[in-house]
file work18.cif (mmCIF, C-alpha atoms and all ligand atoms)
data_upload
#
loop_
_atom_site.label_atom_id
_atom_site.label_comp_id
_atom_site.auth_asym_id
_atom_site.auth_seq_id
_atom_site.Cartn_x
_atom_site.Cartn_y
_atom_site.Cartn_z
CA MET A 363 -35.71 -18.15 6.64
CA THR A 364 -35.81 -15.86 9.64
CA ASP A 365 -32.94 -13.41 10.07
CA ASP A 366 -31.60 -15.61 12.88
CA ASP A 367 -31.62 -18.72 10.68
CA LEU A 368 -29.98 -16.80 7.86
CA ARG A 369 -27.32 -15.41 10.17
CA ARG A 370 -26.52 -18.90 11.46
CA GLU A 371 -26.31 -20.34 7.96
CA LEU A 372 -24.12 -17.49 6.70
CA ALA A 373 -21.85 -17.79 9.74
CA ARG A 374 -21.39 -21.50 9.05
CA ARG A 375 -20.53 -20.91 5.39
CA LEU A 376 -18.21 -18.00 6.21
CA ASP A 377 -16.37 -20.12 8.76
CA ALA A 378 -15.86 -22.80 6.13
CA VAL A 379 -14.56 -20.36 3.50
CA ARG A 380 -12.30 -18.59 5.99
CA GLY A 381 -10.97 -21.96 7.12
CA ARG A 382 -10.18 -22.93 3.53
CA ILE A 383 -8.44 -19.59 2.93
CA ALA A 384 -6.39 -20.05 6.11
CA ALA A 385 -5.44 -23.60 5.10
CA ALA A 386 -4.38 -22.44 1.62
CA CYS A 387 -2.29 -19.69 3.24
CA ALA A 388 -0.69 -22.21 5.60
CA ARG A 389 0.30 -24.45 2.67
CA VAL A 390 2.40 -21.67 1.17
CA GLY A 391 3.45 -19.78 4.30
CA ARG A 392 1.24 -16.72 3.78
CA ASP A 393 -0.42 -14.61 6.46
CA PRO A 394 -4.22 -14.90 6.01
CA ALA A 395 -4.46 -11.20 6.89
CA GLY A 396 -3.07 -10.58 3.40
CA VAL A 397 -6.19 -12.02 1.76
CA THR A 398 -9.44 -10.05 1.68
CA LEU A 399 -12.61 -12.04 1.19
CA VAL A 400 -14.95 -10.10 -1.09
CA ALA A 401 -18.47 -11.47 -0.65
CA VAL A 402 -20.08 -11.37 -4.09
CA THR A 403 -23.64 -10.46 -3.15
CA LYS A 404 -24.92 -9.94 -6.71
CA THR A 405 -27.48 -12.76 -6.45
CA VAL A 406 -28.94 -12.01 -3.01
CA SER A 407 -31.20 -9.40 -1.47
CA VAL A 408 -30.08 -6.39 0.54
CA ARG A 409 -31.52 -8.15 3.57
CA VAL A 410 -29.10 -11.06 3.19
CA ALA A 411 -26.16 -8.77 2.41
CA ALA A 412 -26.93 -6.53 5.40
CA LEU A 413 -26.35 -9.44 7.80
CA LEU A 414 -22.73 -9.75 6.71
CA PRO A 415 -21.12 -6.83 8.58
CA GLY A 416 -22.33 -8.43 11.82
CA LEU A 417 -20.38 -11.52 10.79
CA GLY A 418 -17.18 -9.62 10.11
CA VAL A 419 -17.58 -9.13 6.35
CA ASN A 420 -17.23 -5.59 5.10
CA ASP A 421 -16.21 -6.10 1.47
CA PHE A 422 -19.00 -6.59 -1.05
CA GLY A 423 -18.68 -7.46 -4.73
CA GLU A 424 -21.33 -6.38 -7.23
CA ASN A 425 -21.22 -6.59 -11.00
CA ARG A 426 -23.99 -4.12 -11.86
CA PRO A 427 -23.69 -0.43 -10.99
CA GLN A 428 -27.36 -0.04 -10.18
CA GLU A 429 -27.36 -2.96 -7.75
CA LEU A 430 -24.13 -1.71 -6.21
CA ALA A 431 -25.80 1.65 -5.58
CA ARG A 432 -28.88 0.02 -4.05
CA LYS A 433 -26.90 -2.18 -1.66
CA ARG A 434 -24.47 0.58 -0.78
CA ALA A 435 -27.40 2.84 0.20
CA ALA A 436 -28.57 0.15 2.62
CA ILE A 437 -25.07 -0.68 3.93
CA PRO A 438 -23.31 2.69 3.93
CA ALA A 439 -20.28 1.46 5.91
CA GLY A 440 -19.60 -1.39 3.45
CA ARG A 441 -16.71 -1.30 1.01
CA PHE A 442 -18.16 -1.99 -2.41
CA HIS A 443 -16.07 -3.57 -5.15
CA LEU A 444 -17.23 -3.28 -8.74
CA ILE A 445 -16.40 -6.57 -10.46
CA GLY A 446 -18.35 -6.22 -13.71
CA HIS A 447 -18.12 -4.15 -16.84
CA LEU A 448 -18.84 -0.45 -16.38
CA GLN A 449 -20.38 1.61 -19.15
CA ARG A 450 -18.78 4.98 -19.40
CA ASN A 451 -22.11 6.81 -19.05
CA LYS A 452 -22.57 5.23 -15.57
CA LEU A 453 -19.09 6.12 -14.38
CA ASP A 454 -19.80 9.47 -12.68
CA LYS A 455 -22.53 7.97 -10.50
CA THR A 456 -20.73 4.74 -9.71
CA ILE A 457 -17.17 5.75 -8.87
CA PRO A 458 -18.05 7.75 -5.73
CA LEU A 459 -19.83 4.68 -4.32
CA THR A 460 -17.07 2.22 -5.18
CA HIS A 461 -14.13 1.33 -2.93
CA LEU A 462 -12.23 -0.40 -5.74
CA THR A 463 -13.06 -1.18 -9.36
CA HIS A 464 -11.68 -4.63 -10.27
CA SER A 465 -12.88 -4.53 -13.86
CA ALA A 466 -11.06 -1.75 -15.69
CA ASP A 467 -11.07 -3.57 -19.01
CA SER A 468 -10.25 -1.15 -21.80
CA LEU A 469 -8.14 1.87 -22.57
CA ARG A 470 -11.23 3.90 -23.39
CA LEU A 471 -12.67 3.17 -19.97
CA LEU A 472 -9.35 3.99 -18.31
CA GLU A 473 -9.28 7.34 -20.06
CA ALA A 474 -12.79 8.04 -18.78
CA PHE A 475 -11.67 7.10 -15.24
CA ASP A 476 -8.74 9.44 -15.67
CA ALA A 477 -10.98 12.33 -16.69
CA PHE A 478 -13.14 11.70 -13.62
CA GLY A 479 -10.17 11.47 -11.28
CA ARG A 480 -8.67 14.68 -12.58
CA LYS A 481 -12.03 16.46 -12.28
CA THR A 482 -12.47 15.44 -8.63
CA GLY A 483 -8.81 15.66 -7.70
CA VAL A 484 -8.87 12.09 -6.34
CA PRO A 485 -7.22 9.44 -8.53
CA VAL A 486 -9.62 6.53 -9.11
CA PRO A 487 -8.29 3.30 -7.53
CA LEU A 488 -8.66 0.34 -9.86
CA LEU A 489 -7.34 -2.99 -11.04
CA LEU A 490 -6.68 -3.84 -14.66
CA GLU A 491 -8.78 -6.85 -15.69
CA VAL A 492 -6.72 -9.17 -17.86
CA ASN A 493 -8.15 -11.96 -20.01
CA CYS A 494 -5.56 -14.56 -19.00
CA SER A 495 -7.81 -17.48 -19.93
CA ARG A 496 -8.06 -16.09 -23.49
CA GLU A 497 -11.72 -17.04 -23.73
CA LYS A 498 -13.50 -15.02 -26.37
CA ALA A 499 -16.63 -14.66 -24.24
CA LYS A 500 -14.67 -13.08 -21.38
CA GLY A 501 -13.95 -9.41 -21.01
CA GLY A 502 -10.67 -7.92 -19.99
CA ILE A 503 -7.55 -6.57 -21.59
CA ALA A 504 -5.81 -9.03 -23.90
CA VAL A 505 -2.55 -10.34 -22.43
CA GLU A 506 -0.69 -9.03 -25.49
CA ASP A 507 -2.12 -5.52 -24.98
CA LEU A 508 -1.42 -5.27 -21.24
CA PRO A 509 2.09 -3.77 -21.40
CA ALA A 510 0.94 -0.93 -23.65
CA VAL A 511 -2.18 -0.26 -21.60
CA ALA A 512 -0.16 -0.23 -18.37
CA GLU A 513 2.38 2.10 -19.91
CA ARG A 514 -0.42 4.45 -20.98
CA CYS A 515 -1.85 4.38 -17.42
CA ARG A 516 1.40 5.77 -16.07
CA ALA A 517 0.60 8.92 -18.01
CA LEU A 518 -2.93 9.18 -16.55
CA PRO A 519 -2.78 11.11 -13.25
CA GLY A 520 -6.50 10.52 -12.60
CA VAL A 521 -6.15 6.77 -12.14
CA GLU A 522 -4.35 4.79 -9.47
CA VAL A 523 -3.64 1.30 -10.79
CA ARG A 524 -3.42 -0.85 -7.66
CA GLY A 525 -3.03 -4.21 -9.35
CA LEU A 526 -4.46 -6.84 -11.69
CA MET A 527 -7.59 -8.97 -11.82
CA THR A 528 -8.44 -12.09 -13.77
CA MET A 529 -10.98 -14.89 -14.02
CA ALA A 530 -10.00 -18.47 -14.73
CA ALA A 531 -11.98 -20.57 -17.18
CA TYR A 532 -14.88 -22.41 -15.61
CA THR A 533 -13.35 -25.87 -15.63
CA GLY A 534 -12.48 -28.70 -13.32
CA ASP A 535 -8.97 -28.73 -14.76
CA ALA A 536 -6.87 -27.56 -11.81
CA THR A 537 -3.71 -27.36 -13.92
CA GLN A 538 -5.32 -24.97 -16.35
CA VAL A 539 -6.72 -22.83 -13.53
CA ARG A 540 -3.34 -22.60 -11.83
CA ALA A 541 -1.68 -21.69 -15.13
CA THR A 542 -4.13 -18.79 -15.54
CA PHE A 543 -3.37 -17.43 -12.07
CA ALA A 544 0.36 -18.00 -12.48
CA GLU A 545 0.24 -15.98 -15.67
CA LEU A 546 -1.33 -13.03 -13.85
CA VAL A 547 1.45 -13.21 -11.26
CA SER A 548 4.05 -13.28 -13.99
CA LEU A 549 2.46 -10.33 -15.82
CA ARG A 550 2.67 -8.40 -12.57
CA GLU A 551 6.36 -9.21 -12.28
CA THR A 552 6.93 -7.93 -15.80
CA LEU A 553 5.12 -4.67 -15.05
CA ARG A 554 6.91 -4.27 -11.72
CA ALA A 555 10.17 -4.20 -13.61
CA THR A 556 8.91 -0.97 -15.22
CA GLY A 557 8.44 0.59 -11.78
CA MET A 558 4.74 -0.03 -11.10
CA ALA A 559 4.02 -1.33 -7.59
CA LEU A 560 0.75 -3.24 -8.22
CA PRO A 561 0.27 -4.64 -4.72
CA GLU A 562 -3.14 -6.21 -5.38
CA LEU A 563 -4.10 -9.40 -7.22
CA SER A 564 -7.83 -10.12 -7.49
CA MET A 565 -8.25 -13.76 -8.50
CA GLY A 566 -10.20 -16.76 -7.34
CA MET A 567 -13.93 -17.43 -7.14
CA SER A 568 -15.99 -20.19 -5.51
CA ASN A 569 -14.49 -22.91 -7.66
CA ASP A 570 -10.86 -21.93 -7.48
CA PHE A 571 -10.13 -19.53 -4.62
CA GLU A 572 -7.77 -21.88 -2.80
CA ALA A 573 -5.48 -22.18 -5.82
CA ALA A 574 -5.62 -18.40 -6.20
CA VAL A 575 -4.61 -17.89 -2.56
CA GLU A 576 -1.74 -20.33 -2.93
CA LEU A 577 -0.51 -18.33 -5.92
CA GLY A 578 -0.75 -14.93 -4.24
CA ALA A 579 -4.28 -13.51 -4.47
CA THR A 580 -4.91 -10.52 -2.19
CA PHE A 581 -8.64 -10.45 -3.03
CA VAL A 582 -10.80 -13.52 -3.58
CA ARG A 583 -14.31 -12.94 -4.94
CA VAL A 584 -16.66 -15.58 -3.55
CA GLY A 585 -20.36 -15.76 -4.42
CA SER A 586 -22.09 -19.11 -4.80
CA THR A 587 -20.21 -20.92 -2.03
CA LEU A 588 -21.61 -18.36 0.40
CA PHE A 589 -25.01 -17.73 -1.13
CA ALA A 590 -26.21 -20.76 -3.11
CA GLY A 591 -29.86 -21.44 -2.29
CA LEU A 592 -30.34 -18.01 -0.70
CA GLU A 593 -31.11 -16.19 -3.96
CA GLY A 594 -34.83 -16.35 -3.26
CA GLU A 595 -34.61 -14.83 0.22
CA PRO A 596 -36.92 -11.80 0.10
CA GLU A 597 -36.02 -8.26 1.00
CA ALA A 598 -38.18 -8.25 4.10
C1 LIG B 1 -20.12 -13.63 -10.01
C2 LIG B 1 -18.68 -13.32 -9.96
C3 LIG B 1 -17.86 -13.88 -8.97
C4 LIG B 1 -18.35 -14.89 -7.95
O1 LIG B 1 -18.48 -16.13 -8.58
P1 LIG B 1 -18.84 -17.47 -7.77
O2 LIG B 1 -18.42 -18.55 -8.68
O3 LIG B 1 -20.33 -17.42 -7.55
O4 LIG B 1 -18.09 -17.46 -6.50
C5 LIG B 1 -16.52 -13.49 -8.95
N1 LIG B 1 -16.00 -12.63 -9.85
C6 LIG B 1 -16.77 -12.09 -10.81
C7 LIG B 1 -16.14 -11.14 -11.77
C8 LIG B 1 -18.12 -12.42 -10.92
O5 LIG B 1 -18.86 -11.88 -11.89
#
call {"tool": "encode", "arguments": {"input": "work18.cif", "output": "structure tokens"}}
result
Amino acid sequence: MTDDDLRRELARRLDAVRGRIAAACARVGRDPAGVTLVAVTKTVSVRVAALLPGLGVNDFGENRPQELARKRAAIPAGRFHLIGHLQRNKLDKTIPLTHLTHSADSLRLLEAFDAFGRKTGVPVPLLLEVNCSREKAKGGIAVEDLPAVAERCRALPGVEVRGLMTMAAYTGDATQVRATFAELVSLRETLRATGMALPELSMGMSNDFEAAVELGATFVRVGSTLFAGLEGEPEA
């Protein structure tokens, strides 16, 4: 496709997603301004991603540090969200490029974030990824371990825990999906009682972002609904 064709197609899909977010907000009396659409660009070229700021999208989700760095170099004004597992040896290079890490998934990683934040004097903003669906194949902190991990974070001055993230099981079962998101909300309530603020909830992907918005998501991470069929679009 030409850039013009791509821009038109992306605008059409963005309108649809934004409309669905607004409708979900309306159903529960939320202000759509409280939901940030993170465009998960992990499957598309820099060329496709670079059209998004012109369409009002400035939040990009990437799951691999190297690809995040490549896209960030091409779109320096973009806010890049890391949504995949980070190996500790990539942390020093990745954190300075990342607006928010959604996938802090172990105490060991959190301690490495803390060391980095103390070294630079800027606490690392992050979300704790929780395995609410309890699928073995999924990453994230076990629900049972979350209170202890959160408690430990309060003693780590180099991290700023801004909230929680989860992924629902890939299923057509809307009840199960809603239960997963509701559990994240309830875990946040439990932690709030200990004095943590945790304003952000990152939940909802292409298949389930409306349910997530209805239940209180502040970030939805949408990939395939925006980019399906555009994976083969070349860089130039
Ligand atoms: C790929 C990915 C998404 C986007 O998924 P889609 O179903 O394509 O919208 C969201 N969150 C995470 C953590 C991902 O890895």
call {"tool": "residues_near_ligand", "arguments": {"input": "work18.cif", "ligand": "ligand LIG 1 (chain B)", "cutoff": "6 Å", "atoms": "only C-alpha atoms and all ligand atoms", "output": "ChimeraX atom specification"}}
result
/A:402,425,445-446,567-569,583-586
call {"tool": "residues_around", "arguments": {"input": "work18.cif", "residues": "stretch 550-558 of chain A", "least_positions_apart": "2", "cutoff": "8 Å", "atoms": "only C-alpha atoms", "output": "list of chain:residue names"}}
result
A:Pro509, A:Ala512, A:Gly525, A:Leu526, A:Leu546, A:Val547, A:Ser548, A:Leu560
call {"tool": "residues_near_point", "arguments": {"input": "work18.cif", "point": "(-14.9, 1.3, -12.9)", "cutoff": "8 Å", "atoms": "all atoms listed in the file", "output": "short mmCIF file (atom, residue, chain, number, x, y, z; two decimals) with C-alpha atoms, in the frame of the given file"}}
result
data_model
loop_
_atom_site.label_atom_id
_atom_site.label_comp_id
_atom_site.auth_asym_id
_atom_site.auth_seq_id
_atom_site.Cartn_x
_atom_site.Cartn_y
_atom_site.Cartn_z
CA LEU A 444 -17.23 -3.28 -8.74
CA HIS A 447 -18.12 -4.15 -16.84
CA LEU A 448 -18.84 -0.45 -16.38
CA LEU A 453 -19.09 6.12 -14.38
CA THR A 456 -20.73 4.74 -9.71
CA ILE A 457 -17.17 5.75 -8.87
CA LEU A 462 -12.23 -0.40 -5.74
CA THR A 463 -13.06 -1.18 -9.36
CA HIS A 464 -11.68 -4.63 -10.27
CA SER A 465 -12.88 -4.53 -13.86
CA ALA A 466 -11.06 -1.75 -15.69
CA LEU A 471 -12.67 3.17 -19.97
CA PHE A 475 -11.67 7.10 -15.24
CA LEU A 488 -8.66 0.34 -9.86
#
call {"tool": "residues_around", "arguments": {"input": "work18.cif", "residues": "stretch 591-594 of chain A", "least_positions_apart": "5", "cutoff": "9 Å", "atoms": "all atoms listed in the file", "output": "PyMOL selection string"}}
result
chain A and resi 368+405-407+410+586
call {"tool": "atom_distance", "arguments": {"input": "work18.cif", "atom1": "atom CA of A:Gly440", "atom2": "atom CA of A:Arg409"}}
result
13.7 Å
call {"tool": "atom_distance", "arguments": {"input": "work18.cif", "atom1": "atom CA of A:Asp570", "atom2": "atom CA of A:Asp535"}}
result
10.1 Å
call {"tool": "closest_residue", "arguments": {"input": "work18.cif", "among": "A:Leu490, A:Val582, A:Val397, A:Ile383", "to": "A:Leu469", "atoms": "all atoms listed in the file"}}
result
A:Leu490
call {"tool": "residues_around", "arguments": {"input": "work18.cif", "residues": "A:Ala530", "least_positions_apart": "5", "cutoff": "7 Å", "atoms": "only C-alpha atoms", "output": "ChimeraX atom specification"}}
result
/A:495,539,542
call {"tool": "atom_distance", "arguments": {"input": "work18.cif", "atom1": "atom CA of A:Gly534", "atom2": "atom CA of A:Asp507"}}
result
27.9 Å
call {"tool": "closest_residue", "arguments": {"input": "work18.cif", "among": "A:Leu577, A:Leu508, A:Leu372, A:Leu414", "to": "A:Leu549", "atoms": "all atoms listed in the file"}}
result
A:Leu508
call {"tool": "closest_residue", "arguments": {"input": "work18.cif", "among": "A:Ala373, A:Ala412, A:Gly501, A:Ala579", "to": "A:Ala598", "atoms": "all atoms listed in the file"}}
result
A:Ala412
call {"tool": "closest_residue", "arguments": {"input": "work18.cif", "among": "A:Ala517, A:Pro427, A:Pro415, A:Thr528", "to": "A:Val505", "atoms": "all atoms listed in the file"}}
result
A:Thr528
call {"tool": "residues_near_point", "arguments": {"input": "work18.cif", "point": "(-9.7, -3.8, -19.8)", "cutoff": "6 Å", "atoms": "all atoms listed in the file", "output": "mmCIF file with C-alpha atoms, in the coordinates of the input"}}
result
data_model
loop_
_atom_site.group_PDB
_atom_site.id
_atom_site.type_symbol
_atom_site.label_atom_id
_atom_site.label_comp_id
_atom_site.auth_asym_id
_atom_site.auth_seq_id
_atom_site.Cartn_x
_atom_site.Cartn_y
_atom_site.Cartn_z
ATOM 1 C CA ALA A 466 -11.060 -1.750 -15.690
ATOM 2 C CA ASP A 467 -11.070 -3.570 -19.010
ATOM 3 C CA SER A 468 -10.250 -1.150 -21.800
ATOM 4 C CA LEU A 490 -6.680 -3.840 -14.660
ATOM 5 C CA GLU A 491 -8.780 -6.850 -15.690
ATOM 6 C CA GLY A 502 -10.670 -7.920 -19.990
ATOM 7 C CA ILE A 503 -7.550 -6.570 -21.590
#
call {"tool": "residues_around", "arguments": {"input": "work18.cif", "residues": "A:Pro485", "least_positions_apart": "5", "cutoff": "9 Å", "atoms": "only C-alpha atoms", "output": "list in words"}}
result
Phe475, Asp476, Phe478, Gly479, Arg480, Pro519, Gly520, Val521 and Glu522 of chain A
call {"tool": "closest_residue", "arguments": {"input": "work18.cif", "among": "A:Lys498, A:Pro596, A:Phe581, A:Leu588", "to": "A:Val379", "atoms": "all atoms listed in the file"}}
result
A:Leu588
call {"tool": "closest_residue", "arguments": {"input": "work18.cif", "among": "A:Arg514, A:Arg374, A:Arg496, A:Arg540", "to": "A:Arg470", "atoms": "all atoms listed in the file"}}
result
A:Arg514
call {"tool": "build_atoms", "arguments": {"input": "work18.cif", "residues": "stretch 408-423 of chain A", "atoms": "N, CA, C and O atoms", "output": "mmCIF file, in the coordinates of the input"}}
result
data_model
loop_
_atom_site.group_PDB
_atom_site.id
_atom_site.type_symbol
_atom_site.label_atom_id
_atom_site.label_comp_id
_atom_site.auth_asym_id
_atom_site.auth_seq_id
_atom_site.Cartn_x
_atom_site.Cartn_y
_atom_site.Cartn_z
ATOM 1 N N VAL A 408 -30.719 -7.299 -0.421
ATOM 2 C CA VAL A 408 -30.080 -6.390 0.540
ATOM 3 C C VAL A 408 -30.193 -6.969 1.945
ATOM 4 O O VAL A 408 -29.262 -6.891 2.748
ATOM 5 N N ARG A 409 -31.318 -7.585 2.228
ATOM 6 C CA ARG A 409 -31.520 -8.150 3.570
ATOM 7 C C ARG A 409 -30.460 -9.192 3.900
ATOM 8 O O ARG A 409 -29.918 -9.204 5.016
ATOM 9 N N VAL A 410 -30.155 -10.056 2.955
ATOM 10 C CA VAL A 410 -29.100 -11.060 3.190
ATOM 11 C C VAL A 410 -27.750 -10.360 3.327
ATOM 12 O O VAL A 410 -26.994 -10.607 4.269
ATOM 13 N N ALA A 411 -27.466 -9.450 2.400
ATOM 14 C CA ALA A 411 -26.160 -8.770 2.410
ATOM 15 C C ALA A 411 -25.966 -7.992 3.714
ATOM 16 O O ALA A 411 -24.858 -7.956 4.270
ATOM 17 N N ALA A 412 -27.042 -7.399 4.219
ATOM 18 C CA ALA A 412 -26.930 -6.530 5.400
ATOM 19 C C ALA A 412 -26.603 -7.307 6.668
ATOM 20 O O ALA A 412 -26.223 -6.718 7.684
ATOM 21 N N LEU A 413 -26.726 -8.636 6.625
ATOM 22 C CA LEU A 413 -26.350 -9.440 7.800
ATOM 23 C C LEU A 413 -24.834 -9.639 7.879
ATOM 24 O O LEU A 413 -24.300 -10.010 8.925
ATOM 25 N N LEU A 414 -24.152 -9.388 6.776
ATOM 26 C CA LEU A 414 -22.730 -9.750 6.710
ATOM 27 C C LEU A 414 -21.822 -8.910 7.616
ATOM 28 O O LEU A 414 -20.911 -9.469 8.240
ATOM 29 N N PRO A 415 -22.020 -7.584 7.699
ATOM 30 C CA PRO A 415 -21.120 -6.830 8.580
ATOM 31 C C PRO A 415 -21.115 -7.360 10.012
ATOM 32 O O PRO A 415 -20.065 -7.390 10.669
ATOM 33 N N GLY A 416 -22.255 -7.841 10.487
ATOM 34 C CA GLY A 416 -22.330 -8.430 11.820
ATOM 35 C C GLY A 416 -21.531 -9.714 11.941
ATOM 36 O O GLY A 416 -21.255 -10.183 13.039
ATOM 37 N N LEU A 417 -21.160 -10.288 10.812
ATOM 38 C CA LEU A 417 -20.380 -11.520 10.790
ATOM 39 C C LEU A 417 -18.937 -11.241 10.359
ATOM 40 O O LEU A 417 -18.203 -12.155 9.960
ATOM 41 N N GLY A 418 -18.566 -9.973 10.376
ATOM 42 C CA GLY A 418 -17.180 -9.620 10.110
ATOM 43 C C GLY A 418 -16.830 -9.402 8.652
ATOM 44 O O GLY A 418 -15.656 -9.277 8.307
ATOM 45 N N VAL A 419 -17.843 -9.360 7.775
ATOM 46 C CA VAL A 419 -17.580 -9.130 6.350
ATOM 47 C C VAL A 419 -17.912 -7.685 6.011
ATOM 48 O O VAL A 419 -19.036 -7.236 6.248
ATOM 49 N N ASN A 420 -16.951 -6.978 5.469
ATOM 50 C CA ASN A 420 -17.230 -5.590 5.100
ATOM 51 C C ASN A 420 -16.935 -5.285 3.648
ATOM 52 O O ASN A 420 -17.070 -4.148 3.205
ATOM 53 N N ASP A 421 -16.523 -6.295 2.895
ATOM 54 C CA ASP A 421 -16.210 -6.100 1.470
ATOM 55 C C ASP A 421 -17.239 -6.841 0.628
ATOM 56 O O ASP A 421 -17.407 -8.057 0.759
ATOM 57 N N PHE A 422 -17.902 -6.080 -0.245
ATOM 58 C CA PHE A 422 -19.000 -6.590 -1.050
ATOM 59 C C PHE A 422 -18.652 -6.466 -2.522
ATOM 60 O O PHE A 422 -18.160 -5.425 -2.956
ATOM 61 N N GLY A 423 -18.912 -7.521 -3.292
ATOM 62 C CA GLY A 423 -18.680 -7.460 -4.730
ATOM 63 C C GLY A 423 -20.000 -7.426 -5.476
ATOM 64 O O GLY A 423 -20.896 -8.231 -5.197
#
